[in-house]
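Okay, structure first, notes after.
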Amino acid sequence: MSGRAFLIVMDSVGIGGAPDAGRFFCGTLPDTGANTVAHIAAARPLRMPHLDALGLGAAVRLASGADAPGLGAAPRGLWGAATEASPGKDTPSGHWELAGVPVPWDWHVFPDTRPAFPPELTAEICRLAGTDGILGNCHAPGTAIIEALGAEHLRTGWPICYTSADSVLQIAAHEQRFGLDRLLALCAALAPTVHAMRVGRVIARPFDGTEGQFVRTPNRRDIAIAPPGDTILDLAAAAGRTTHAIGKIGDIFSHRGIAHLHKGRSDADLADHLVRLADQAAPGSLTMANFVEFDSLYGHRRDVAGYAAALEWFDGAAGRFMARLRPGDLAIFTADHGNDPGWAGTDHTRERVPVLGWGLGPLPVGLVDFPDVGASICAHLGLRGPAHGKSFLPVLPPDDSTVAPVIA
């Protein structure tokens, strides 16, 4: 039980090639051909020596047949690409399926109309908020709608309510004018109604500042439907293993199966937690992390240059983390969906995702399914696996299989 497991989700770092991409859309454009990493690299070659050494460039080629300039290393780690089955390209679907629980239902998505929400839901928001109305009531990017309606929100006190192509209802409010505790209470009270509609999440989006200088704060809160089965976090906790959740993992999994939660104001803070846990996490423990800023700051805003810089920064953080891992550990880097900043619209894109592992290699695992990631984590920890997925780990890993990080 000495080996530890780390599952690191690079939010939205897709690598193209999803066989059902044509069923998913950004506006009127199908996702066929979307490829987050390859399109960023085509705009500007990427320098990611640590993850490329594990097999990132090879995974892009496997998933989609595309080359990613700058990512051409011969793989030295476990590497492959995973395909999602759940009928969505959203955060809960991707994370749950990676953790062994595919989504068994179709999510409800609000129509891209004005208003987007049915009258009875709007009335319930007003009742719970104690206001005479709401602002927004439409599809919109979060930062843009705060810029557009923040001043009116300050004047009226009405919450800003919006959605997207994901199954989500987001409520933005000023931490001082509306109140952070009031916003969080509103979202918590509304969540059962929204979840009953098969809407995946209610998200509190607090912001601060004055007109022309509004900025979202780090006090976001996601209130998600609970997974409909036992995830790898549940299985590890039930077996008495220590579990750690970094970033918004706690919110995504409704805080089930999580002993220790590690939050921060930015991905840089979360990287510090990950590096610290590489030193401190107990033998046999499971750590699951989400790094969201690829998605929230760059993917939705279609900022290719910003996304590229974030990938290269993360590669350095991954190198620091891997340098502290121990023989017998397994760390898998993957993603939950794509969000191609070179694509149309502002929404996620349906893509395969990389599966890159430190601790075994070189080991090509090929095209796998999302639940196989969770099944492999459980196999490494000697735990009963989830109901879905099969391990892609060898039965008897060679003793000399630990992959040393590349020094940039």
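Here's how to read the names in the structure tokens: chain A, B, ... by the order shown, residue numbers from 1 in each chain, ligand numbers from 1 in the order shown.
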- [ ] Tell me, as a PyMOL selection string, which residues lie within 9 Å of A:Ala335, counting only C-alpha atoms; anything in the same chain fewer than 3 positions away does not count.
- [x] chain A and resi 8-14+94-95+98+290+338+352-355
Task: All residues 12 Å or closer to A:Gly212, only C-alpha atoms, same chain fewer than 5 positions away omitted, as an MDAnalysis selection string - done: chainID A and resid 143:144 146:151
Task: Who sits within 7 Å of A:Leu180, only C-alpha atoms, same chain under 4 positions skipped, as a ChimeraX atom specification - done: /A:175,184,206
The selected residues should be written to file as a PDB file, in the first residue's frame (atoms: C-alpha atoms).
```pdb
ATOM      1  CA  GLU A 175     -19.793  40.664  -2.979  1.00  0.00           C
ATOM      2  CA  LEU A 184     -24.103  31.451  -1.728  1.00  0.00           C
ATOM      3  CA  PRO A 206     -19.236  36.574  -7.057  1.00  0.00           C
TER       4      PRO A 206
END
```
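Take the candidates A:Arg177, A:His262, A:Arg23, A:Arg241 and check each one against A:Gly157 using only C-alpha atoms; the shortest distance goes to A:Arg177.
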TODO: Tell me which protein, DNA and RNA residues are within 12 Å of A:His50, counting only C-alpha atoms, leaving out same-chain ones fewer than 4 positions away, and put them as a ChimeraX atom specification.
DONE: /A:46,54-57,71-77,311-323,333,356-358,403-408
Would you put the residues from that selection into a file with C-alpha atoms, as a tab-separated table (two decimals), in the first residue's frame?
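The file below, part.tsv, is the result:
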```tsv
chain	number	residue	atom	x	y	z
A	46	LEU	CA	4.54	24.91	-27.72
A	54	LEU	CA	5.49	11.61	-21.05
A	55	GLY	CA	3.83	11.52	-24.48
A	56	LEU	CA	1.67	14.60	-25.07
A	57	GLY	CA	2.63	15.11	-28.70
A	71	LEU	CA	5.60	18.56	-29.21
A	72	GLY	CA	7.67	15.89	-30.88
A	73	ALA	CA	9.45	13.99	-28.09
A	74	ALA	CA	9.66	10.21	-28.04
A	75	PRO	CA	7.34	9.16	-25.18
A	76	ARG	CA	9.02	8.03	-21.97
A	77	GLY	CA	5.88	7.66	-19.88
A	311	LEU	CA	0.06	25.41	-20.95
A	312	GLU	CA	3.75	26.24	-20.81
A	313	TRP	CA	3.45	27.55	-17.25
A	314	PHE	CA	1.65	24.38	-16.19
A	315	ASP	CA	4.30	22.21	-17.78
A	316	GLY	CA	6.86	23.84	-15.49
A	317	ALA	CA	4.61	23.23	-12.47
A	318	ALA	CA	4.15	19.60	-13.57
A	319	GLY	CA	7.94	19.24	-13.72
A	320	ARG	CA	8.29	20.52	-10.14
A	321	PHE	CA	5.59	18.09	-9.02
A	322	MET	CA	7.02	15.05	-10.81
A	323	ALA	CA	10.49	15.74	-9.39
A	333	PHE	CA	-2.48	13.90	-16.33
A	356	LEU	CA	-0.20	10.79	-19.64
A	357	GLY	CA	1.30	8.82	-16.77
A	358	TRP	CA	4.39	9.21	-14.58
A	403	VAL	CA	9.99	8.07	-15.41
A	404	ALA	CA	12.40	10.84	-14.46
A	405	PRO	CA	11.15	14.35	-15.27
A	406	VAL	CA	12.81	16.21	-18.07
A	407	ILE	CA	14.71	19.31	-16.99
A	408	ALA	CA	13.66	22.24	-19.18
```
Task: Residue nearest A:His39 among A:Asp222, A:Asp67, A:Asp90, A:Asp20 (counting only C-alpha atoms) - done: A:Asp67
